[in-house]
Amino acid sequence: MDVNKSDIKKVAVIGAGVMGSGIAAQIANAGIPVFLLDIVPKDTDNRNTIAESAIAKMLKVDPAPFMHKNNARLVTPGNIEDHLSWLADVDWVIEAVVEDLSIKQALYQKLDNICRPDTLVSSNTSTLPLKLLTRDMPDSFKQRFMITHFFNPPRYMRLLELVSSTQTRPELVDAVSRFADTHLGKNSVTCKDTPGFIGNRIGVYWLQYGLLEAIKLGLTVEQADAVMTVFGIPKTGVFGLLDLVGLDLIPHILDGMKLALRKDDAFHQVNTLPALVQRMIADGYTGRKGKGGFYRLNETGGKRVKESINLQTGDYQSSEKFALPDLPKTQDELRTFLSSDEIVCQYGWNVLSNTLAYSAGLIPEIADDIVAIDTAMRLGYNWKYGPFELLDRIGVDWFVDRLSAENRNVPPLLASRHNMYKVDSGKRLYVDLSGNYQPVRRTGGVLLLSDIKLSAPAVLENPSASLWDIGDGVACLEFHSKMNTLDMDSLAMVRQSIEKVKADFSALVIHNDADNFSAGANLTLLVQAIHTQDWPAVEQLIKQGQQTYRALKYAPFPVVAAPSGLALGGGCEILLHCDAIQAHAELYIGLVEVGVGLVPGWGGCKEYLRRWLEFSRRPGGPMPAIAQAFETIGMAKVSKSAAEAKEMLFLSTTDGITMNKDRLLADAKAKALKLVQDYTPPEHASFQLPGASARAAMDAVIHNYKLAGKITDYDVEISQQLADVLSGGLCDITEPLTEDDLLNLELNAFLHLVQQPGTLARLEHLLKTGKPLRN
Amino acid sequence: MKSVVIAGYCRSPFTPAQKGQLAKVRADDLVAQVVKGLIDKTGVNPQDIEDLILGCAFPEGEQGMNLARIAVHLVGLPASVAGTTINRFCGSSMQAIHNAAGMIQMNAGEVFICAGVESMSRVPMGGFNFLPNPDLYKTYPQAYISMGETAENLAAQYHIDRQTQDAFGLASQQKTAAAQQRGSFAAEIVPIKRPDGEIVQLDGCVRGNSTLQGLAELQPAFLKNGTVTAGTSSPITDGAAAVLVCSEEYADAHGLEKLARIKAIAVSGCAPEIMGIGPVGATHKALQRAGLTLQDIDIVELNEAFAAQSLSVLKDLPIPLEKLNLDGGAIALGHPLGASGARITGKAASLLKRENKRFALATLCVGGGQGMATILEAI
């Protein structure tokens with residue numbers, strides 16, 4: 001199957017609220033033209049004002065809905081009074097209007113008359129059941145209708161819930177889930193037509209339980225939210241997430257669930273709106289969109305102070321960070337944590353056990369299997385583990401024993417005390433309702449490193465990195481240290497992998513399936529060397545990195561990197577040495593070394609400068625390339641998407657972008673196999689640089705920036721060192737420099753800076769606080 | 001000596017670089033349309049033109065390759081018309097006029113087109129390959145000093161405070177907007193046709209609704225805790241201007257409309273770090289050569305590079321405000337570097353006629369530390 005071929009070439013979104021406009025932006029991010037329509041408000045000259053304002057607003061907000069500002073041009077704003085006729089021409093209409101049945105049905109009547117018979121119509125409703133939406137519609141409409149429920153924000157949340165009826169034409173469901181997969185980067189989960197589908201059914205229960213229990217046990221909101229991180233739930237926890245969602249929505253959601261769910265559903269036991277929340281809503285404390293919520297930023301005396309609400313008194317007080325002494329990691333540690341008498345642990349157990357038991361009781365009501373529920377909670381709520389994966393982490397047996405000891409009901413799914421998942425003959429299996437194991441199915445073309453790891457041991461392995469056989473003669477180098485920072489072990493693994501691939505494989509892919517490709521070099525080691533003034537060790541660190549990356553660049557086989565998330569500093573530098581990159585659309589890449597008082601030293605200056613020198617679409621002469629590299633590295637600029645990375649030349653024009661993270665490895669492997677035919681390593685680069693003249697030009701820029709207060713004293717020193725590297729040092733433009741010359745300049749600049757107190761201060765500040773120091 | 005006259009002036013609309021209406025027009029296409037407009041407007045016989053002298057501050061890229069000669073071909077002038085591109089930064093096209101005047105008096109031609117152009121959208125200030133002499137940069141960095149810094153230096157040296165600068169910036173906007181509303185620019189603007197076929201005929205930089213309060217809120221643009229802001233600096237601009245310079249005899253013989261006689265010219269250098277004071281030295285020289293005093297001057301066109309710079313010049317050259325920049329100035333109108341010299345000289349000549357006055361002064365400062373002045377006399 002050609003993943004780039006799609007039956008959907010033009011889309012319309014009706015309703016330009018946060019969800020509708022965000023969905024339209026993601027469709028534009030896929031390069032697909034989309035109409036965005038809304039109503040014509042009263043008393044206005046501009047009849048498209050709602051859609052136009054939505055687009056304008058999306059160009060300003062952060063995190064940005066658009067991956068590149070130019071993508072906004074693919075969104076054509078309009079209104080439903082004048083422009084419904086446009087919909088005769090589209091393949092998919094997404095309705096994202098207000099959650100009002102009669103308004104939706106009236107719109108569907110019009111759509112049914114205008115749209116082609118083969119056009120799919122879907123609703124982004126999160127509360128209304130499909131059977132109600134299509135109640136009075138003709139069969140012809142029911143056959144082309146389904147629910148496609150996106151999560152907020154649509155660009156960043158990877159879940160798409162699909163609900164279809166028995167009448168919906170299967171080929172339309174296929175077309176949408178294929179398009180969502182390859183073009184929108186969404187994993188579709190098939191849901192039943194039940195209230196809240198999967199994500200919100202479990203999510204609302206969990207949030208309500210967490211809210212009520214924290215009030216009951218007298219926890220602070222910081223404590224409650226911190227406990228959730230033990231289970232791999234994002235640090236927004238319960239209260240931070242409620243602030244994001246908006247407190248004013250809580251009563252509506254609860255009322256909707258109350259009406260729709262069966263009387264015996266456990267939801268009804270947590271269906272209480274606490275007086276505190278009622279008061280907060282009435283006072284305008286509706287969360288981040290209002291004056292604040294459980295947390296708020298309070299400005300007193302020109303200073304912004306983070307405050308949180310006291311759940312008992314309702315008063316705001318300065319937010320006290322709560323850190324758990326030790327984050328439990330192993331099964332034993334988790335069990336100890338959940339068994340402790342401490343109030344935060346009791347809270348953890350109560351919220352978790354009820355949420356897990358509730359989830360286990362919802363099969364087959366809301367989904368056919370546990371995989372669907374786990375996927376939905378991971379991708380829709382950013383949980384690291386789904387409920388059933390969590391059950392395996394603490395142990396089903398132990399969990400059931402504890403439920404029994406507490407005289408609580410044990411859901412039938414858990415009664416047989418089977419593990420939820422197991423691995424058999426290298427395949428991942430899940431348990432079904434009758435206690436049998438079924439294989440976890442992957443969509444065609446998806447290749448996951450986590451699956452490969454189940455099937456065979458690593459080819460090579462050390463504490464920071466491993467090499468895996470991903471089939472067809474391709475090996476995959478995986479970093480797996482904390483935040484995938486690069487240390488001596490990582491570099492050693494790169495070198496060993498080069499030898500191994502030379503002998504036994506035909507291509508190498510560099511990829512890992514963590515959230516972030518690499519946060520850069522391990523700075524702790526560097527700081528230790530600085531403290532002991534062990535400059536030869538620092539020099540060794542730089543030279544090893546330079547030699548390793550260079551060996552990678554000139555290896556006699558193609559090297560394709562497949563990064564996702566952050567690729568910073570040394571993590572960016574290794575990418576710059578690869579033959580090709582297949583990037584996940586969400587790539588945040590940059591050479592950020594100046595933030596810690598350094599310049600890129602592992603060939604990053606050299607390779608990034610080379611990209612600009614060889615870039616044909618810029619005015620001639622040496623300075624524009626140098627100026628671009630100087631600005632990007634000097635300001636530590638980081639792309640906010642792969643599309644931006646392309647514009648910044650971190651990616652070259654021939655590098656690919658994959659929307660769905662699950663397809664990244666497969667796409668990179670295919671790219672590597674393509675390069676294997678007739679592969680020759682790149683030619684050695686030479687650099688014609690203006691030397692002192694360029695240095696003087698950059699000094700003048702540095703002077704002006706300092707004057708205008710845009711950079712600090714120590715920024716000046718770092719920038720001058722960077723200028724020295726990028727200008728070519730003491731060279732003349734008539735005598736080209738080699739790569740070695742550039743690497744030496746990097747080394748000298750690095751060694752100079754590393755011995756300055758300003759650099760040490762920056763390094764230590766970042767390691768201590770996680771934030772850059774501007775000294 | 002022959003008497004030299006200005007016998008025609010026109011210009012393109014001045015529009016903001018990058019965001020403005022002329023950003024997609026090449027400099028050569030832009031100036032060619034203005035020169036064509038000048039020829040049509042004056043009715044001069046192209047066969048008689050000796051030379052097209054074209055000022056441009058950063059003559060490289062699309063502005064390179066002897067832009068003047070390229071413009072000759074684009075206008076469709078006879079191949080016998082020569083073309084030279086000259087550079088004195090912001091004074092480039094006033095220098096074009098000075099060169100022509102000198103050549104006429106040397107009997108080296110009768111009719112000259114003196115033009116200037118800058119597409120600051122398409123060729124950045126400083127050029128694409130700013131490569132200073134590293135030794136000079138070490139020993140005498142002010143040779144390459146940024147214009148904003150020179151304005152701050154003058155503000156400090158001449159004690160021009162923020163409020164006074166803001167008031168000057170506001171006055172520039174108000175005078176320019178008023179002139180625009182009166183239609184005072186209609187006669188001098190040549191509509192420009194863009195590659196997409198659109199016609200541009202309005203100046204685009206003017207912010208007539210500026211307020212003192214709005215100006216006061218702007219951050220300093222060049223110096224932390226400084227006084228010079230975007231509101232008191234001339235904006236980077238795209239534009240072109242041209243004047244017809246010929247001997248008075250030729251104008252009379254061919255029935256050309258004479259706007260003014262060139263009475264005296266001067267250039268002078270000053271310290272680069274206070275380049276904005278350049279008009280003072282140049283004006284004193286020109287006045288002396290003309291045998292006049294400042295009091296004799298009725299009309300002044302002083303190029304407003306910065307409010308701080310203009311106000312410093314006015315401290316040394318006490319010019320009554322009612323004589324100064326009658327139709328506004330560069331802070332509001334824009335400052336396409338190569339074109340401004342021709343604009344203010346042509347404008348001063350037109351104003352002499354319109355206001356029915358006797359003597360006019362056009363003067364400007366030049367980056368690197370220079371000033372230029374031209375004194376005109378009504379005929």
# chains A, B, ... in the order shown; residues from 1 in each chain; ligands from 1
$ interface_residues --of "chain B" --to "chain A" --cutoff "12 Å" --atoms "only C-alpha atoms" --output "number ranges by chain"
B: 60-62, 122-124, 126-150, 152-153, 219-229
$ write_last_selection --atoms "N, CA and C atoms" --output "short mmCIF file (atom, residue, chain, number, x, y, z; two decimals), in the first residue's frame"
data_model
loop_
_atom_site.label_atom_id
_atom_site.label_comp_id
_atom_site.auth_asym_id
_atom_site.auth_seq_id
_atom_site.Cartn_x
_atom_site.Cartn_y
_atom_site.Cartn_z
N GLU B 60 24.63 45.62 -5.30
CA GLU B 60 25.01 44.22 -5.50
C GLU B 60 23.74 43.39 -5.67
N GLY B 61 23.91 42.13 -6.02
CA GLY B 61 22.75 41.27 -6.27
C GLY B 61 21.91 41.87 -7.39
N GLU B 62 20.62 42.01 -7.15
CA GLU B 62 19.74 42.58 -8.18
C GLU B 62 20.04 44.05 -8.46
N ARG B 122 14.97 43.72 -0.94
CA ARG B 122 15.61 42.67 -1.73
C ARG B 122 17.13 42.64 -1.60
N VAL B 123 17.72 43.79 -1.23
CA VAL B 123 19.15 43.82 -0.93
C VAL B 123 19.28 44.47 0.45
N PRO B 124 19.71 43.71 1.45
CA PRO B 124 19.68 44.25 2.82
C PRO B 124 20.71 45.36 3.02
N GLY B 126 23.75 46.96 4.37
CA GLY B 126 24.99 46.24 4.69
C GLY B 126 25.35 45.24 3.61
N GLY B 127 24.41 44.96 2.73
CA GLY B 127 24.68 44.04 1.63
C GLY B 127 24.62 42.60 2.07
N PHE B 128 24.81 41.71 1.10
CA PHE B 128 24.75 40.29 1.42
C PHE B 128 26.05 39.78 2.02
N ASN B 129 27.11 40.44 1.77
CA ASN B 129 28.41 39.95 2.20
C ASN B 129 29.20 41.04 2.91
N PHE B 130 28.71 41.45 4.05
CA PHE B 130 29.39 42.45 4.87
C PHE B 130 30.71 41.86 5.37
N LEU B 131 31.80 42.33 4.84
CA LEU B 131 33.11 41.78 5.20
C LEU B 131 34.07 42.93 5.51
N PRO B 132 34.01 43.48 6.72
CA PRO B 132 34.84 44.64 7.05
C PRO B 132 36.32 44.31 7.04
N ASN B 133 37.14 45.34 6.89
CA ASN B 133 38.58 45.16 7.02
C ASN B 133 38.89 44.86 8.48
N PRO B 134 39.41 43.66 8.76
CA PRO B 134 39.55 43.26 10.16
C PRO B 134 40.52 44.14 10.95
N ASP B 135 41.57 44.62 10.29
CA ASP B 135 42.55 45.48 11.01
C ASP B 135 41.91 46.81 11.37
N LEU B 136 41.22 47.41 10.40
CA LEU B 136 40.57 48.69 10.68
C LEU B 136 39.49 48.51 11.73
N TYR B 137 38.78 47.37 11.67
CA TYR B 137 37.72 47.14 12.66
C TYR B 137 38.30 47.10 14.06
N LYS B 138 39.51 46.59 14.18
CA LYS B 138 40.15 46.52 15.50
C LYS B 138 40.57 47.91 15.98
N THR B 139 41.20 48.68 15.07
CA THR B 139 41.79 49.95 15.50
C THR B 139 40.78 51.09 15.45
N TYR B 140 39.79 50.99 14.56
CA TYR B 140 38.87 52.11 14.35
C TYR B 140 37.48 51.57 14.02
N PRO B 141 36.87 50.89 15.00
CA PRO B 141 35.60 50.19 14.70
C PRO B 141 34.49 51.14 14.26
N GLN B 142 34.60 52.42 14.63
CA GLN B 142 33.52 53.34 14.28
C GLN B 142 33.39 53.53 12.77
N ALA B 143 34.42 53.10 12.01
CA ALA B 143 34.30 53.15 10.55
C ALA B 143 33.10 52.32 10.09
N TYR B 144 32.71 51.34 10.91
CA TYR B 144 31.62 50.44 10.54
C TYR B 144 30.43 50.59 11.49
N ILE B 145 30.36 51.68 12.20
CA ILE B 145 29.36 51.84 13.26
C ILE B 145 27.94 51.77 12.68
N SER B 146 27.03 51.20 13.47
CA SER B 146 25.65 51.12 12.99
C SER B 146 24.99 52.50 13.10
N MET B 147 24.03 52.74 12.21
CA MET B 147 23.40 54.07 12.17
C MET B 147 22.65 54.38 13.45
N GLY B 148 22.01 53.37 14.03
CA GLY B 148 21.26 53.58 15.27
C GLY B 148 22.16 54.07 16.39
N GLU B 149 23.34 53.50 16.46
CA GLU B 149 24.27 53.89 17.52
C GLU B 149 24.70 55.35 17.34
N THR B 150 24.88 55.78 16.08
CA THR B 150 25.28 57.19 15.87
C THR B 150 24.17 58.13 16.33
N GLU B 152 22.06 57.56 18.77
CA GLU B 152 22.14 57.60 20.23
C GLU B 152 23.29 58.50 20.68
N ASN B 153 24.42 58.43 19.97
CA ASN B 153 25.57 59.28 20.33
C ASN B 153 25.19 60.76 20.25
N GLN B 219 9.80 50.61 22.64
CA GLN B 219 11.08 50.28 23.28
C GLN B 219 12.23 50.90 22.49
N PRO B 220 13.31 51.25 23.17
CA PRO B 220 14.50 51.70 22.44
C PRO B 220 14.95 50.61 21.47
N ALA B 221 15.35 51.03 20.25
CA ALA B 221 15.63 50.04 19.21
C ALA B 221 17.10 49.64 19.16
N PHE B 222 18.00 50.49 19.63
CA PHE B 222 19.42 50.23 19.39
C PHE B 222 20.25 50.16 20.66
N LEU B 223 19.78 50.81 21.72
CA LEU B 223 20.57 50.89 22.94
C LEU B 223 19.66 50.62 24.12
N LYS B 224 20.07 49.66 24.94
CA LYS B 224 19.31 49.37 26.15
C LYS B 224 19.24 50.65 26.97
N ASN B 225 18.06 51.02 27.39
CA ASN B 225 17.85 52.28 28.12
C ASN B 225 18.19 53.51 27.27
N GLY B 226 18.23 53.34 25.96
CA GLY B 226 18.49 54.47 25.08
C GLY B 226 17.21 55.25 24.80
N THR B 227 17.29 56.18 23.81
CA THR B 227 16.16 57.06 23.55
C THR B 227 15.60 56.94 22.13
N VAL B 228 16.35 56.29 21.24
CA VAL B 228 15.93 56.23 19.84
C VAL B 228 15.08 54.98 19.61
N THR B 229 13.90 55.17 19.05
CA THR B 229 12.98 54.05 18.82
C THR B 229 12.66 53.92 17.33
#
$ residues_around --residues "B:Arg88" --least-positions-apart "4" --cutoff "8 Å" --atoms "only C-alpha atoms" --output "ChimeraX atom specification"
/B:55-57,92,95,366
$ write_last_selection --atoms "C-alpha atoms" --output "PDB file, in the first residue's frame"
ATOM      1  CA  GLY B  55      22.759  56.420  -6.972  1.00  0.00           C
ATOM      2  CA  CYS B  56      22.500  53.178  -5.034  1.00  0.00           C
ATOM      3  CA  ALA B  57      23.881  52.452  -1.580  1.00  0.00           C
ATOM      4  CA  SER B  92      24.228  58.659  -3.628  1.00  0.00           C
ATOM      5  CA  GLN B  95      25.923  62.965  -5.683  1.00  0.00           C
ATOM      6  CA  VAL B 366      25.748  59.981   5.150  1.00  0.00           C
TER       7      VAL B 366
END
$ residues_around --residues "B:Pro318" --least-positions-apart "4" --cutoff "12 Å" --atoms "only C-alpha atoms" --output "list of chain:residue names"
B:Val280, B:Thr283, B:Thr293, B:Leu294, B:Gln295, B:Ile297, B:Val300, B:Ser310, B:Leu311, B:Ser312, B:Val313, B:Leu314, B:Glu322, B:Lys323, B:Leu324
$ residues_around --residues "stretch 246-255 of chain A" --least-positions-apart "4" --cutoff "9 Å" --atoms "only C-alpha atoms" --output "short mmCIF file (atom, residue, chain, number, x, y, z; two decimals) with N, CA and C atoms, in the first residue's frame"
data_model
loop_
_atom_site.label_atom_id
_atom_site.label_comp_id
_atom_site.auth_asym_id
_atom_site.auth_seq_id
_atom_site.Cartn_x
_atom_site.Cartn_y
_atom_site.Cartn_z
N THR A 127 -20.27 13.99 23.24
CA THR A 127 -21.33 13.65 24.21
C THR A 127 -22.56 13.00 23.59
N VAL A 204 -13.19 10.77 32.71
CA VAL A 204 -14.08 11.55 33.58
C VAL A 204 -14.24 10.87 34.93
N LEU A 241 -5.04 19.11 35.04
CA LEU A 241 -5.82 18.78 33.84
C LEU A 241 -7.20 19.44 33.90
N LEU A 242 -7.83 19.43 35.07
CA LEU A 242 -9.15 20.08 35.19
C LEU A 242 -9.02 21.57 34.87
N LEU A 259 -27.32 11.31 32.69
CA LEU A 259 -28.50 10.96 31.90
C LEU A 259 -28.26 9.72 31.06
N ALA A 260 -27.02 9.60 30.55
CA ALA A 260 -26.78 8.59 29.54
C ALA A 260 -26.39 7.23 30.10
N ASN A 271 -20.61 11.04 40.99
CA ASN A 271 -21.26 12.16 40.31
C ASN A 271 -21.69 13.23 41.30
N THR A 272 -20.72 13.92 41.85
CA THR A 272 -21.01 15.00 42.80
C THR A 272 -20.19 16.22 42.39
N LEU A 273 -20.81 17.36 42.35
CA LEU A 273 -20.06 18.59 42.07
C LEU A 273 -19.77 19.25 43.42
N VAL A 277 -16.04 23.63 43.94
CA VAL A 277 -15.98 23.83 42.48
C VAL A 277 -17.13 24.73 42.03
N GLN A 278 -18.32 24.54 42.62
CA GLN A 278 -19.45 25.40 42.26
C GLN A 278 -19.11 26.87 42.53
N MET A 280 -16.07 28.17 42.76
CA MET A 280 -15.01 28.63 41.85
C MET A 280 -15.60 29.04 40.50
N ILE A 281 -16.53 28.22 39.99
CA ILE A 281 -17.13 28.54 38.68
C ILE A 281 -17.89 29.86 38.79
N ALA A 282 -18.65 29.99 39.86
CA ALA A 282 -19.45 31.21 40.04
C ALA A 282 -18.56 32.44 40.13
N GLY A 284 -15.73 32.84 38.61
CA GLY A 284 -14.92 33.04 37.41
C GLY A 284 -13.60 32.29 37.43
N TYR A 285 -13.39 31.45 38.43
CA TYR A 285 -12.16 30.64 38.47
C TYR A 285 -12.40 29.36 37.69
N THR A 286 -12.43 29.50 36.35
CA THR A 286 -12.82 28.38 35.51
C THR A 286 -11.60 27.64 34.95
N GLY A 287 -10.41 27.98 35.42
CA GLY A 287 -9.23 27.29 34.92
C GLY A 287 -8.34 28.24 34.16
N ARG A 288 -7.50 27.70 33.28
CA ARG A 288 -6.50 28.53 32.60
C ARG A 288 -7.13 29.58 31.70
N LYS A 289 -8.33 29.27 31.17
CA LYS A 289 -8.97 30.26 30.29
C LYS A 289 -9.61 31.38 31.12
N GLY A 290 -9.82 31.15 32.41
CA GLY A 290 -10.44 32.16 33.27
C GLY A 290 -9.40 32.85 34.13
N GLY A 293 -7.58 28.50 38.24
CA GLY A 293 -8.42 27.40 38.69
C GLY A 293 -7.87 26.88 39.99
#
$ residues_around --residues "A:Ala672" --least-positions-apart "4" --cutoff "8 Å" --atoms "only C-alpha atoms" --output "list of chain:residue names"
A:Val474, A:Ala507, A:Leu508, A:Val509, A:Pro558, A:Val559, A:Val560, A:Ala668, A:Val676
$ decode --residues "stretch 598-625 of chain A" --atoms "N, CA and C atoms" --output "PDB file, in the first residue's frame"
ATOM      1  N   LEU A 598      28.561  27.005  25.787  1.00  0.00           N
ATOM      2  CA  LEU A 598      29.468  26.258  24.911  1.00  0.00           C
ATOM      3  C   LEU A 598      29.110  26.484  23.450  1.00  0.00           C
ATOM      4  N   VAL A 599      29.932  25.960  22.576  1.00  0.00           N
ATOM      5  CA  VAL A 599      29.565  25.906  21.162  1.00  0.00           C
ATOM      6  C   VAL A 599      29.508  24.426  20.784  1.00  0.00           C
ATOM      7  N   PRO A 600      28.745  24.074  19.733  1.00  0.00           N
ATOM      8  CA  PRO A 600      28.723  22.673  19.309  1.00  0.00           C
ATOM      9  C   PRO A 600      30.154  22.221  19.021  1.00  0.00           C
ATOM     10  N   GLY A 601      30.540  21.069  19.556  1.00  0.00           N
ATOM     11  CA  GLY A 601      31.927  20.629  19.431  1.00  0.00           C
ATOM     12  C   GLY A 601      32.104  19.292  18.748  1.00  0.00           C
ATOM     13  N   TRP A 602      30.994  18.607  18.460  1.00  0.00           N
ATOM     14  CA  TRP A 602      31.089  17.288  17.822  1.00  0.00           C
ATOM     15  C   TRP A 602      30.793  17.387  16.322  1.00  0.00           C
ATOM     16  N   GLY A 603      31.271  18.466  15.711  1.00  0.00           N
ATOM     17  CA  GLY A 603      31.075  18.617  14.275  1.00  0.00           C
ATOM     18  C   GLY A 603      29.782  19.321  13.921  1.00  0.00           C
ATOM     19  N   GLY A 604      29.061  19.829  14.916  1.00  0.00           N
ATOM     20  CA  GLY A 604      27.777  20.482  14.657  1.00  0.00           C
ATOM     21  C   GLY A 604      27.935  21.800  13.926  1.00  0.00           C
ATOM     22  N   CYS A 605      28.917  22.624  14.340  1.00  0.00           N
ATOM     23  CA  CYS A 605      29.153  23.900  13.634  1.00  0.00           C
ATOM     24  C   CYS A 605      29.506  23.604  12.185  1.00  0.00           C
ATOM     25  N   LYS A 606      30.425  22.672  12.018  1.00  0.00           N
ATOM     26  CA  LYS A 606      30.912  22.315  10.682  1.00  0.00           C
ATOM     27  C   LYS A 606      29.771  21.842   9.789  1.00  0.00           C
ATOM     28  N   GLU A 607      28.981  20.897  10.278  1.00  0.00           N
ATOM     29  CA  GLU A 607      27.946  20.312   9.430  1.00  0.00           C
ATOM     30  C   GLU A 607      26.800  21.297   9.179  1.00  0.00           C
ATOM     31  N   TYR A 608      26.475  22.079  10.200  1.00  0.00           N
ATOM     32  CA  TYR A 608      25.371  23.021   9.999  1.00  0.00           C
ATOM     33  C   TYR A 608      25.783  24.131   9.037  1.00  0.00           C
ATOM     34  N   LEU A 609      27.025  24.611   9.202  1.00  0.00           N
ATOM     35  CA  LEU A 609      27.540  25.626   8.272  1.00  0.00           C
ATOM     36  C   LEU A 609      27.576  25.073   6.849  1.00  0.00           C
ATOM     37  N   ARG A 610      28.007  23.814   6.711  1.00  0.00           N
ATOM     38  CA  ARG A 610      28.077  23.197   5.377  1.00  0.00           C
ATOM     39  C   ARG A 610      26.704  23.193   4.709  1.00  0.00           C
ATOM     40  N   ARG A 611      25.668  22.899   5.499  1.00  0.00           N
ATOM     41  CA  ARG A 611      24.324  22.873   4.923  1.00  0.00           C
ATOM     42  C   ARG A 611      23.958  24.226   4.335  1.00  0.00           C
ATOM     43  N   TRP A 612      24.321  25.288   5.020  1.00  0.00           N
ATOM     44  CA  TRP A 612      23.981  26.623   4.496  1.00  0.00           C
ATOM     45  C   TRP A 612      24.881  26.998   3.326  1.00  0.00           C
ATOM     46  N   LEU A 613      26.156  26.609   3.393  1.00  0.00           N
ATOM     47  CA  LEU A 613      27.066  26.936   2.284  1.00  0.00           C
ATOM     48  C   LEU A 613      26.625  26.240   1.011  1.00  0.00           C
ATOM     49  N   GLU A 614      26.064  25.030   1.152  1.00  0.00           N
ATOM     50  CA  GLU A 614      25.671  24.273  -0.042  1.00  0.00           C
ATOM     51  C   GLU A 614      24.221  24.541  -0.456  1.00  0.00           C
ATOM     52  N   PHE A 615      23.529  25.341   0.321  1.00  0.00           N
ATOM     53  CA  PHE A 615      22.113  25.616   0.038  1.00  0.00           C
ATOM     54  C   PHE A 615      22.028  26.585  -1.137  1.00  0.00           C
ATOM     55  N   SER A 616      21.306  26.200  -2.156  1.00  0.00           N
ATOM     56  CA  SER A 616      21.346  26.996  -3.382  1.00  0.00           C
ATOM     57  C   SER A 616      20.376  28.176  -3.364  1.00  0.00           C
ATOM     58  N   ARG A 617      19.332  28.074  -2.526  1.00  0.00           N
ATOM     59  CA  ARG A 617      18.321  29.137  -2.585  1.00  0.00           C
ATOM     60  C   ARG A 617      18.652  30.303  -1.657  1.00  0.00           C
ATOM     61  N   ARG A 618      19.842  30.857  -1.770  1.00  0.00           N
ATOM     62  CA  ARG A 618      20.174  32.032  -0.977  1.00  0.00           C
ATOM     63  C   ARG A 618      21.121  32.873  -1.810  1.00  0.00           C
ATOM     64  N   PRO A 619      21.238  34.173  -1.496  1.00  0.00           N
ATOM     65  CA  PRO A 619      22.152  35.024  -2.245  1.00  0.00           C
ATOM     66  C   PRO A 619      23.581  34.500  -2.129  1.00  0.00           C
ATOM     67  N   GLY A 620      24.409  34.802  -3.127  1.00  0.00           N
ATOM     68  CA  GLY A 620      25.755  34.260  -3.183  1.00  0.00           C
ATOM     69  C   GLY A 620      26.699  34.866  -2.168  1.00  0.00           C
ATOM     70  N   GLY A 621      27.938  34.407  -2.218  1.00  0.00           N
ATOM     71  CA  GLY A 621      28.951  34.892  -1.300  1.00  0.00           C
ATOM     72  C   GLY A 621      28.938  34.104  -0.013  1.00  0.00           C
ATOM     73  N   PRO A 622      30.012  34.221   0.765  1.00  0.00           N
ATOM     74  CA  PRO A 622      30.128  33.376   1.955  1.00  0.00           C
ATOM     75  C   PRO A 622      29.316  33.865   3.148  1.00  0.00           C
ATOM     76  N   MET A 623      29.014  35.150   3.231  1.00  0.00           N
ATOM     77  CA  MET A 623      28.450  35.662   4.476  1.00  0.00           C
ATOM     78  C   MET A 623      27.019  35.214   4.781  1.00  0.00           C
ATOM     79  N   PRO A 624      26.128  35.134   3.781  1.00  0.00           N
ATOM     80  CA  PRO A 624      24.764  34.736   4.141  1.00  0.00           C
ATOM     81  C   PRO A 624      24.721  33.384   4.844  1.00  0.00           C
ATOM     82  N   ALA A 625      25.527  32.436   4.376  1.00  0.00           N
ATOM     83  CA  ALA A 625      25.543  31.115   5.014  1.00  0.00           C
ATOM     84  C   ALA A 625      26.076  31.229   6.436  1.00  0.00           C
TER      85      ALA A 625
END
